[in-house]
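Colleague: Below you'll find query_8.cif; it's mmCIF, C-alpha atoms.
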```cif
data_query
loop_
_atom_site.group_PDB
_atom_site.id
_atom_site.type_symbol
_atom_site.label_atom_id
_atom_site.label_comp_id
_atom_site.auth_asym_id
_atom_site.auth_seq_id
_atom_site.Cartn_x
_atom_site.Cartn_y
_atom_site.Cartn_z
ATOM 1 C CA MET A 7 -1.414 -13.770 25.712
ATOM 2 C CA SER A 8 -0.825 -11.330 22.879
ATOM 3 C CA GLU A 9 2.364 -9.367 22.419
ATOM 4 C CA PRO A 10 2.321 -6.075 24.333
ATOM 5 C CA LEU A 11 1.716 -2.700 22.809
ATOM 6 C CA ARG A 12 4.875 -0.875 21.952
ATOM 7 C CA VAL A 13 6.114 2.392 20.566
ATOM 8 C CA PRO A 14 6.917 1.933 16.877
ATOM 9 C CA ARG A 15 10.412 2.479 15.558
ATOM 10 C CA PRO A 16 11.290 4.078 12.195
ATOM 11 C CA GLU A 17 11.871 0.609 10.730
ATOM 12 C CA ASP A 18 8.192 -0.183 11.493
ATOM 13 C CA ALA A 19 6.966 2.472 9.038
ATOM 14 C CA ALA A 20 6.582 -0.049 6.196
ATOM 15 C CA GLU A 21 4.386 -2.334 8.331
ATOM 16 C CA VAL A 22 2.309 0.612 9.525
ATOM 17 C CA ALA A 23 1.882 1.784 5.914
ATOM 18 C CA ARG A 24 0.731 -1.727 4.993
ATOM 19 C CA LEU A 25 -1.825 -1.751 7.827
ATOM 20 C CA LEU A 26 -3.127 1.710 6.884
ATOM 21 C CA SER A 27 -3.362 0.695 3.215
ATOM 22 C CA GLU A 28 -5.266 -2.558 3.801
ATOM 23 C CA SER A 29 -8.715 -0.946 3.799
ATOM 24 C CA SER A 30 -8.024 2.480 2.358
ATOM 25 C CA PRO A 31 -8.899 3.336 -1.245
ATOM 26 C CA GLU A 32 -5.455 4.934 -1.586
ATOM 27 C CA PRO A 33 -2.190 3.410 -0.406
ATOM 28 C CA THR A 34 -0.110 5.002 2.322
ATOM 29 C CA SER A 35 3.664 5.056 1.962
ATOM 30 C CA PRO A 36 6.268 4.484 4.684
ATOM 31 C CA GLU A 37 7.479 8.033 3.959
ATOM 32 C CA SER A 38 4.011 9.377 4.746
ATOM 33 C CA VAL A 39 3.958 7.464 8.036
ATOM 34 C CA LEU A 40 7.370 8.868 9.013
ATOM 35 C CA ARG A 41 6.199 12.366 8.064
ATOM 36 C CA ASP A 42 3.148 11.976 10.339
ATOM 37 C CA TRP A 43 5.388 10.840 13.196
ATOM 38 C CA THR A 44 7.625 13.897 12.868
ATOM 39 C CA PHE A 45 4.861 16.478 12.493
ATOM 40 C CA PRO A 46 5.105 19.317 15.064
ATOM 41 C CA GLY A 47 3.262 18.423 18.251
ATOM 42 C CA VAL A 48 3.478 14.662 17.690
ATOM 43 C CA ASP A 49 5.367 12.692 20.337
ATOM 44 C CA VAL A 50 5.652 9.142 19.004
ATOM 45 C CA ALA A 51 6.593 7.809 22.441
ATOM 46 C CA MET A 52 3.319 9.163 23.853
ATOM 47 C CA ASP A 53 0.934 9.203 20.861
ATOM 48 C CA VAL A 54 1.556 6.062 18.803
ATOM 49 C CA ARG A 55 1.317 2.343 19.529
ATOM 50 C CA LEU A 56 1.825 -0.762 17.460
ATOM 51 C CA GLU A 57 1.024 -4.396 18.112
ATOM 52 C CA PRO A 58 1.069 -7.353 15.729
ATOM 53 C CA GLY A 59 -1.636 -6.688 13.151
ATOM 54 C CA SER A 60 -2.798 -3.308 14.421
ATOM 55 C CA TYR A 61 -1.842 0.320 14.885
ATOM 56 C CA ALA A 62 -3.133 3.400 16.707
ATOM 57 C CA PHE A 63 -2.124 7.049 16.412
ATOM 58 C CA VAL A 64 -3.672 9.689 18.675
ATOM 59 C CA ASP A 65 -3.396 13.203 17.241
ATOM 60 C CA SER A 66 -4.572 16.368 18.990
ATOM 61 C CA PHE A 67 -5.885 19.281 16.947
ATOM 62 C CA GLY A 68 -4.972 21.537 19.889
ATOM 63 C CA ASP A 69 -8.517 22.815 20.432
ATOM 64 C CA GLY A 70 -9.936 19.973 22.511
ATOM 65 C CA ARG A 71 -10.582 17.716 19.507
ATOM 66 C CA VAL A 72 -8.481 14.561 19.275
ATOM 67 C CA TRP A 73 -8.362 12.165 16.323
ATOM 68 C CA ILE A 74 -7.843 8.446 16.984
ATOM 69 C CA GLU A 75 -6.494 6.750 13.875
ATOM 70 C CA LEU A 76 -6.848 2.970 13.893
ATOM 71 C CA ALA A 77 -5.707 0.329 11.443
ATOM 72 C CA GLY A 78 -5.639 -3.435 11.236
ATOM 73 C CA ARG A 79 -7.375 -5.482 13.905
ATOM 74 C CA PRO A 80 -7.000 -3.485 17.123
ATOM 75 C CA THR A 81 -7.215 -5.463 20.337
ATOM 76 C CA PRO A 82 -9.204 -4.180 23.313
ATOM 77 C CA GLU A 83 -5.876 -3.262 24.939
ATOM 78 C CA LEU A 84 -4.880 -1.055 22.009
ATOM 79 C CA LEU A 85 -8.302 0.588 21.897
ATOM 80 C CA ASP A 86 -8.216 1.182 25.662
ATOM 81 C CA TRP A 87 -4.770 2.780 25.341
ATOM 82 C CA ALA A 88 -5.877 4.999 22.433
ATOM 83 C CA GLU A 89 -9.019 6.168 24.197
ATOM 84 C CA LEU A 90 -7.150 6.894 27.433
ATOM 85 C CA ARG A 91 -4.417 8.825 25.599
ATOM 86 C CA ALA A 92 -7.018 10.788 23.649
ATOM 87 C CA ARG A 93 -8.802 11.772 26.873
ATOM 88 C CA GLU A 94 -5.477 13.045 28.233
ATOM 89 C CA LEU A 95 -5.185 15.345 25.205
ATOM 90 C CA GLY A 96 -8.734 16.630 24.836
ATOM 91 C CA SER A 97 -12.412 16.325 25.508
ATOM 92 C CA ARG A 98 -13.851 15.681 22.049
ATOM 93 C CA LEU A 99 -12.725 12.326 20.688
ATOM 94 C CA ILE A 100 -13.097 11.680 16.973
ATOM 95 C CA SER A 101 -12.380 8.483 15.081
ATOM 96 C CA GLY A 102 -13.708 6.561 12.138
ATOM 97 C CA GLY A 103 -12.888 4.229 9.359
ATOM 98 C CA TRP A 104 -13.677 3.091 5.876
ATOM 99 C CA LYS A 105 -16.791 1.004 5.259
ATOM 100 C CA SER A 106 -14.494 -2.002 4.793
ATOM 101 C CA GLU A 107 -13.321 -1.554 8.402
ATOM 102 C CA GLU A 108 -16.649 -2.694 9.830
ATOM 103 C CA PRO A 109 -15.121 -4.403 12.906
ATOM 104 C CA ILE A 110 -13.390 -1.155 13.923
ATOM 105 C CA LEU A 111 -16.569 0.866 13.332
ATOM 106 C CA ARG A 112 -18.681 -1.586 15.382
ATOM 107 C CA GLU A 113 -16.199 -1.504 18.258
ATOM 108 C CA LEU A 114 -16.133 2.302 18.243
ATOM 109 C CA GLU A 115 -19.933 2.340 18.417
ATOM 110 C CA ARG A 116 -19.851 -0.212 21.255
ATOM 111 C CA ARG A 117 -17.553 2.190 23.113
ATOM 112 C CA GLY A 118 -20.013 5.070 22.745
ATOM 113 C CA PHE A 119 -18.834 6.730 19.540
ATOM 114 C CA VAL A 120 -21.691 7.789 17.269
ATOM 115 C CA SER A 121 -21.681 8.253 13.524
ATOM 116 C CA VAL A 122 -21.962 11.949 12.674
ATOM 117 C CA ARG A 123 -21.136 11.946 8.996
ATOM 118 C CA ARG A 124 -20.330 9.780 6.014
ATOM 119 C CA SER A 125 -18.161 10.451 3.022
ATOM 120 C CA HIS A 126 -18.417 9.134 -0.491
ATOM 121 C CA ARG A 127 -15.536 8.490 -2.842
ATOM 122 C CA MET A 128 -16.260 9.793 -6.337
ATOM 123 C CA THR A 129 -14.386 8.620 -9.401
ATOM 124 C CA ILE A 130 -14.425 9.445 -13.091
ATOM 125 C CA ASP A 131 -13.228 7.575 -16.140
ATOM 126 C CA LEU A 132 -10.702 9.936 -17.709
ATOM 127 C CA GLU A 133 -10.676 7.908 -20.938
ATOM 128 C CA ALA A 134 -14.328 8.737 -21.641
ATOM 129 C CA PRO A 135 -15.238 12.106 -23.150
ATOM 130 C CA THR A 136 -16.142 14.683 -20.519
ATOM 131 C CA PRO A 137 -19.478 16.389 -21.145
ATOM 132 C CA GLU A 138 -19.559 20.164 -21.265
ATOM 133 C CA PRO A 139 -20.771 21.649 -17.973
ATOM 134 C CA VAL A 140 -24.199 23.243 -17.773
ATOM 135 C CA TRP A 141 -23.969 26.382 -15.646
ATOM 136 C CA PRO A 142 -26.988 27.871 -13.843
ATOM 137 C CA ASP A 143 -28.204 31.253 -15.058
ATOM 138 C CA GLY A 144 -25.982 34.038 -13.752
ATOM 139 C CA VAL A 145 -22.991 31.739 -13.092
ATOM 140 C CA GLU A 146 -19.856 32.303 -15.095
ATOM 141 C CA ALA A 147 -16.773 30.098 -14.926
ATOM 142 C CA ARG A 148 -13.630 32.216 -15.174
ATOM 143 C CA ALA A 149 -10.233 32.706 -13.561
ATOM 144 C CA PHE A 150 -9.998 34.464 -10.210
ATOM 145 C CA ARG A 151 -9.247 38.191 -10.563
ATOM 146 C CA PRO A 152 -8.131 40.865 -8.103
ATOM 147 C CA GLY A 153 -11.243 42.187 -6.389
ATOM 148 C CA ASP A 154 -12.913 38.734 -6.259
ATOM 149 C CA GLU A 155 -11.669 38.058 -2.712
ATOM 150 C CA GLN A 156 -14.827 39.002 -0.795
ATOM 151 C CA LEU A 157 -17.154 37.308 -3.285
ATOM 152 C CA PHE A 158 -15.038 34.151 -3.213
ATOM 153 C CA TYR A 159 -15.054 34.148 0.601
ATOM 154 C CA GLU A 160 -18.844 34.619 0.763
ATOM 155 C CA LEU A 161 -19.463 31.865 -1.805
ATOM 156 C CA HIS A 162 -17.151 29.517 0.075
ATOM 157 C CA GLN A 163 -18.948 30.219 3.380
ATOM 158 C CA GLU A 164 -22.360 29.688 1.764
ATOM 159 C CA THR A 165 -21.281 26.511 0.012
ATOM 160 C CA PHE A 166 -19.994 24.821 3.178
ATOM 161 C CA ARG A 167 -22.406 26.388 5.705
ATOM 162 C CA ASP A 168 -24.207 23.104 6.366
ATOM 163 C CA SER A 169 -21.164 20.831 6.226
ATOM 164 C CA TRP A 170 -19.654 19.093 9.220
ATOM 165 C CA GLU A 171 -17.393 21.473 11.154
ATOM 166 C CA PRO A 172 -16.921 24.046 8.388
ATOM 167 C CA ILE A 173 -13.804 26.179 8.544
#
```
Output the file's structure in the form of structure tokens.
Modeller:
Amino acid sequence: MSEPLRVPRPEDAAEVARLLSESSPEPTSPESVLRDWTFPGVDVAMDVRLEPGSYAFVDSFGDGRVWIELAGRPTPELLDWAELRARELGSRLISGGWKSEEPILRELERRGFVSVRRSHRMTIDLEAPTPEPVWPDGVEARAFRPGDEQLFYELHQETFRDSWEPI
């Protein structure tokens, strides 16, 4: 029998950061983990669980959407806990993972989660010369000036109109 799920303690932040960093393209620090645990509205005793080799954090957006963050190799017990806690907090459960977290993604799909979007990580070699941009006709790159507010807002809305859950 595996060790039971438990509420993490502050001294567990380094292990949680390690688990979160295993598959992520950017490392997570223990300080970042502790900051997440002390964010307004987060109740670690209710929203976070740790077991050997895996971690779950259930975070409500406050509008019915709930994010389930998973790391490591979650057991069925941890996933059951996370899903149950998320349903207590909202009606729209959201989760995901990096491509390298294929076992987590497969298990989420097995549980009825469906893929709704994908992200791509873009990088650039800063040692190589950067080519000059080619701007479309009528587009001018310049600093924001007073009076640009409405135009900026309209361009932002148009740019992200077809993105997933635009704000």
Colleague: Neighbours of stretch 97-110 of chain A within 10 Å (only C-alpha atoms; same-chain residues fewer than 4 positions away dropped), as a VMD selection string?
Modeller: chain A and resid 28 to 31 64 to 66 69 to 81 85 89 92 to 93 114 to 116 119 to 126
Colleague: Would you output that residue set with C-alpha atoms, as a CSV table (one decimal), in the coordinates of the input?
Modeller:
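Saved result, selection16.csv, follows:
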```csv
chain,number,residue,atom,x,y,z
A,28,GLU,CA,-5.3,-2.6,3.8
A,29,SER,CA,-8.7,-0.9,3.8
A,30,SER,CA,-8.0,2.5,2.4
A,31,PRO,CA,-8.9,3.3,-1.2
A,64,VAL,CA,-3.7,9.7,18.7
A,65,ASP,CA,-3.4,13.2,17.2
A,66,SER,CA,-4.6,16.4,19.0
A,69,ASP,CA,-8.5,22.8,20.4
A,70,GLY,CA,-9.9,20.0,22.5
A,71,ARG,CA,-10.6,17.7,19.5
A,72,VAL,CA,-8.5,14.6,19.3
A,73,TRP,CA,-8.4,12.2,16.3
A,74,ILE,CA,-7.8,8.4,17.0
A,75,GLU,CA,-6.5,6.8,13.9
A,76,LEU,CA,-6.8,3.0,13.9
A,77,ALA,CA,-5.7,0.3,11.4
A,78,GLY,CA,-5.6,-3.4,11.2
A,79,ARG,CA,-7.4,-5.5,13.9
A,80,PRO,CA,-7.0,-3.5,17.1
A,81,THR,CA,-7.2,-5.5,20.3
A,85,LEU,CA,-8.3,0.6,21.9
A,89,GLU,CA,-9.0,6.2,24.2
A,92,ALA,CA,-7.0,10.8,23.6
A,93,ARG,CA,-8.8,11.8,26.9
A,114,LEU,CA,-16.1,2.3,18.2
A,115,GLU,CA,-19.9,2.3,18.4
A,116,ARG,CA,-19.9,-0.2,21.3
A,119,PHE,CA,-18.8,6.7,19.5
A,120,VAL,CA,-21.7,7.8,17.3
A,121,SER,CA,-21.7,8.3,13.5
A,122,VAL,CA,-22.0,11.9,12.7
A,123,ARG,CA,-21.1,11.9,9.0
A,124,ARG,CA,-20.3,9.8,6.0
A,125,SER,CA,-18.2,10.5,3.0
A,126,HIS,CA,-18.4,9.1,-0.5
```
Colleague: Which residues are near stretch 15-27 of chain A? Cut-off 7 Å, all atoms listed in the file, ignore same chain within fewer than 3 positions. Put them as a PyMOL selection string.
Modeller: chain A and resi 30+32-36+39-40+60-61+77-78
Colleague: Translate the PyMOL selection byres ((chain A and resi 48) around 12), as applied to the file shown, into an explicit residue set as a PyMOL selection string.
Modeller: chain A and resi 40-47+49-54+63-68+95
Colleague: If I take atom CA of A:Glu9 and atom CA of A:Pro58, how far is one from the other in Å, to one decimal?
Modeller: 7.1 Å
Colleague: Using all atoms of stretch 18-27 of chain A that appear in the file, construct an axis-aligned enclosing box with 5 Å of padding on every side and provide its centre coordinates and edge lengths in Å, rounded to one decimal, as AutoDock Vina command-line options.
Modeller:
```
--center_x 2.4 --center_y 0.1 --center_z 7.4 --size_x 21.6 --size_y 14.8 --size_z 18.3
```
Colleague: Separation of atom CA of A:Asp143 and atom CA of A:Ser169, in Å?
Modeller: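 The value is 24.7 Å.
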Colleague: In terms of the shortest atom-to-atom distance over only C-alpha atoms, which of A:Ile130, A:Leu90, A:Leu84, A:Leu161 is closest to A:Gly59?
Modeller: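 Looking at the shortest contact to A:Gly59, the residue is A:Leu84.
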Colleague: Using Å and a single decimal, report how far atom CA of A:Asp86 sits from atom CA of A:Arg55.
Modeller: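 These atoms are spaced 11.4 Å apart.
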Colleague: Let me make sure I understand: among A:Gln156, A:Val145, A:His162, A:Pro82, which one has the smallest atom-to-atom distance to A:Glu113 if we use all atoms listed in the file?
Modeller: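 That would be A:Pro82, the residue with the smallest distance to A:Glu113.
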